[in-house]
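Take a look at the structure below.
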Amino acid sequence: MGVTLDELKEKMADFAKERDWDQFHSPRNLLLAMVGEVGELSEIFQWKGEVPKGLPDWEGEEKQHLGEELSDVLLYLIRLSDICGVDLGKAVLRKLELNALKYPVNLCKGSYKKYKHIHNNATTTTSTSIINDSKNGVADNAV
């Protein structure tokens with residue numbers, strides 16, 4: 001069963017309205033609640049070290065608890081975006097496009113380096129290459 005962000009947003013809005021919780025759902029309060037849930041999510045992984053994808057050694061109860069904490073984080077995020085008037089679906093798609101530009105495959109594939117290190121290395125490599133080509137008799141205006 002799939003669910004959309006809009007469906008979750010509506011369910012969260014209805015949930016809060018039925019309980020008269022809108023008065024408490026300021027952006028700040030929702031953010032702090034979400035941070036608290038991220039802390040609870042972190043506790044699940046605390047002291048476990050690295051764990052393999054799919055969590056094959058975890059018990060069903062542990063995975064269920066993980067799902068509950070992931071859900072709490074997602075629901076607060078969706079509620080926060082709604083209260084702030086941000087279309088989370090559109091924002092995510094835009095961010096993916098920006099990340100694709102920021103982290104082009106040819107510079108990033110297989111690298112964990114952050115944006116500034118990737119582009120500094122590419123600029124340095126390109127500049128060094130241009131200087132070396134210039135010294136070796138390659139046309140200076142080849143760039």
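Going by the structure tokens order, chains are called A, B, ..., each with residues numbered from 1, while ligands are numbered from 1 in the order shown.
Close contacts of Cys108 (chain A), defined as residues with an atom at most 12 Å away when counting only C-alpha atoms, with chain neighbours fewer than 3 positions off set aside, comprise A:Asn99, A:Ala100, A:Leu101, A:Lys102, A:Tyr103, A:Pro104, A:Val105, A:Ser111, A:Tyr112, A:Lys113, A:Lys114, A:Tyr115, A:Lys116, A:His117, A:Ile118, A:His119, A:Asn121, A:Ala122.
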Could you give me, as a CSV table (one decimal) with all heavy atoms, in the first residue's frame, the residues within 12 Å of Phe15 (chain A), counting only C-alpha atoms and dropping anything in the same chain fewer than 5 positions from it?
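File written: result-v3.csv
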chain,number,residue,atom,x,y,z
A,8,LEU,N,-0.4,12.0,3.6
A,8,LEU,CA,0.1,12.1,4.9
A,8,LEU,C,-0.1,13.5,5.5
A,8,LEU,O,-0.4,13.6,6.7
A,8,LEU,CB,1.6,11.7,5.0
A,8,LEU,CG,1.9,10.2,4.7
A,8,LEU,CD1,3.4,10.0,4.6
A,8,LEU,CD2,1.3,9.3,5.7
A,9,LYS,N,0.1,14.5,4.7
A,9,LYS,CA,-0.1,15.9,5.2
A,9,LYS,C,-1.5,16.1,5.6
A,9,LYS,O,-1.8,16.6,6.7
A,9,LYS,CB,0.2,16.8,4.0
A,9,LYS,CG,0.1,18.3,4.4
A,9,LYS,CD,0.6,19.2,3.3
A,9,LYS,CE,-0.5,19.3,2.2
A,9,LYS,NZ,-0.2,20.3,1.2
A,10,GLU,N,-2.5,15.6,4.8
A,10,GLU,CA,-3.9,15.7,5.2
A,10,GLU,C,-4.2,14.9,6.5
A,10,GLU,O,-4.9,15.4,7.4
A,10,GLU,CB,-4.8,15.2,4.1
A,10,GLU,CG,-4.8,16.2,2.9
A,10,GLU,CD,-5.7,15.6,1.7
A,10,GLU,OE1,-6.6,14.8,2.0
A,10,GLU,OE2,-5.3,15.9,0.6
A,20,ASP,N,-7.3,19.5,18.7
A,20,ASP,CA,-7.1,20.9,19.0
A,20,ASP,C,-5.6,21.2,19.3
A,20,ASP,O,-5.3,22.0,20.2
A,20,ASP,CB,-8.0,21.4,20.1
A,20,ASP,CG,-8.0,22.9,20.2
A,20,ASP,OD1,-7.8,23.6,19.2
A,20,ASP,OD2,-8.2,23.5,21.3
A,21,TRP,N,-4.7,20.6,18.5
A,21,TRP,CA,-3.3,20.8,18.7
A,21,TRP,C,-2.7,21.8,17.7
A,21,TRP,O,-1.5,22.1,17.8
A,21,TRP,CB,-2.6,19.4,18.4
A,21,TRP,CG,-2.7,18.4,19.6
A,21,TRP,CD1,-3.4,18.7,20.8
A,21,TRP,CD2,-2.3,17.1,19.6
A,21,TRP,NE1,-3.3,17.5,21.5
A,21,TRP,CE2,-2.6,16.5,20.8
A,21,TRP,CE3,-1.6,16.3,18.7
A,21,TRP,CZ2,-2.3,15.2,21.2
A,21,TRP,CZ3,-1.3,15.0,19.0
A,21,TRP,CH2,-1.6,14.5,20.3
A,22,ASP,N,-3.5,22.4,16.8
A,22,ASP,CA,-2.9,23.4,15.9
A,22,ASP,C,-2.3,24.5,16.7
A,22,ASP,O,-1.3,25.1,16.3
A,22,ASP,CB,-4.0,23.9,15.0
A,22,ASP,CG,-4.3,23.0,13.9
A,22,ASP,OD1,-3.4,22.2,13.4
A,22,ASP,OD2,-5.5,23.0,13.4
A,25,HIS,N,1.3,23.7,17.3
A,25,HIS,CA,2.1,23.3,16.2
A,25,HIS,C,2.7,24.5,15.5
A,25,HIS,O,2.5,24.8,14.3
A,25,HIS,CB,1.3,22.5,15.2
A,25,HIS,CG,1.1,21.1,15.7
A,25,HIS,ND1,0.6,20.1,14.9
A,25,HIS,CD2,1.4,20.5,16.9
A,25,HIS,CE1,0.5,19.0,15.6
A,25,HIS,NE2,1.0,19.2,16.8
A,75,LEU,N,6.6,12.1,10.0
A,75,LEU,CA,5.4,12.7,10.2
A,75,LEU,C,5.6,14.2,10.7
A,75,LEU,O,4.9,15.1,10.3
A,75,LEU,CB,4.5,11.9,11.2
A,75,LEU,CG,4.0,10.6,10.6
A,75,LEU,CD1,3.3,9.8,11.6
A,75,LEU,CD2,3.0,10.9,9.4
A,79,ARG,N,4.5,17.6,8.8
A,79,ARG,CA,3.7,18.6,9.5
A,79,ARG,C,4.4,19.9,9.5
A,79,ARG,O,3.8,21.0,9.2
A,79,ARG,CB,3.4,18.1,10.9
A,79,ARG,CG,2.5,19.0,11.7
A,79,ARG,CD,1.1,19.0,11.2
A,79,ARG,NE,0.2,19.8,12.1
A,79,ARG,CZ,-0.8,20.5,11.7
A,79,ARG,NH1,-1.2,20.5,10.4
A,79,ARG,NH2,-1.5,21.2,12.6
Residues near Glu7 (chain A), cut-off 12 Å, only C-alpha atoms, skip fewer than 3 positions along chain, as JSON, numbers by chain: {"A": [2, 3, 4, 10, 11, 12, 13, 14, 75, 78, 79, 82, 89]}
Atom pair CA of Ala33 (chain A) / CA of Leu80 (chain A): separation (Å): 9.9 Å
Helix (DSSP H, G or I) residues, from DSSP on the backbone, in chain A, as an MDAnalysis selection string: chainID A and resid 5:18 22:24 27:45 60:83 88:102 105:108 115:135 140:142
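The spacing separating CA of Trp58 (chain A) from CA of Leu5 (chain A) amounts to 28.5 Å.
The space between CA of Gly36 (chain A) and CA of Val73 (chain A) spans 8.8 Å.
The residue that comes closest to Ser81 (chain A), out of A:Gln23, A:Arg28, A:Gly67, A:Glu18 and on the basis of only C-alpha atoms, is A:Arg28.
For the set A:Val51, A:Ile83, A:Leu88, A:Leu96, the residue with the smallest atom-to-atom gap to Leu31 (chain A) is A:Ile83, counting only C-alpha atoms.
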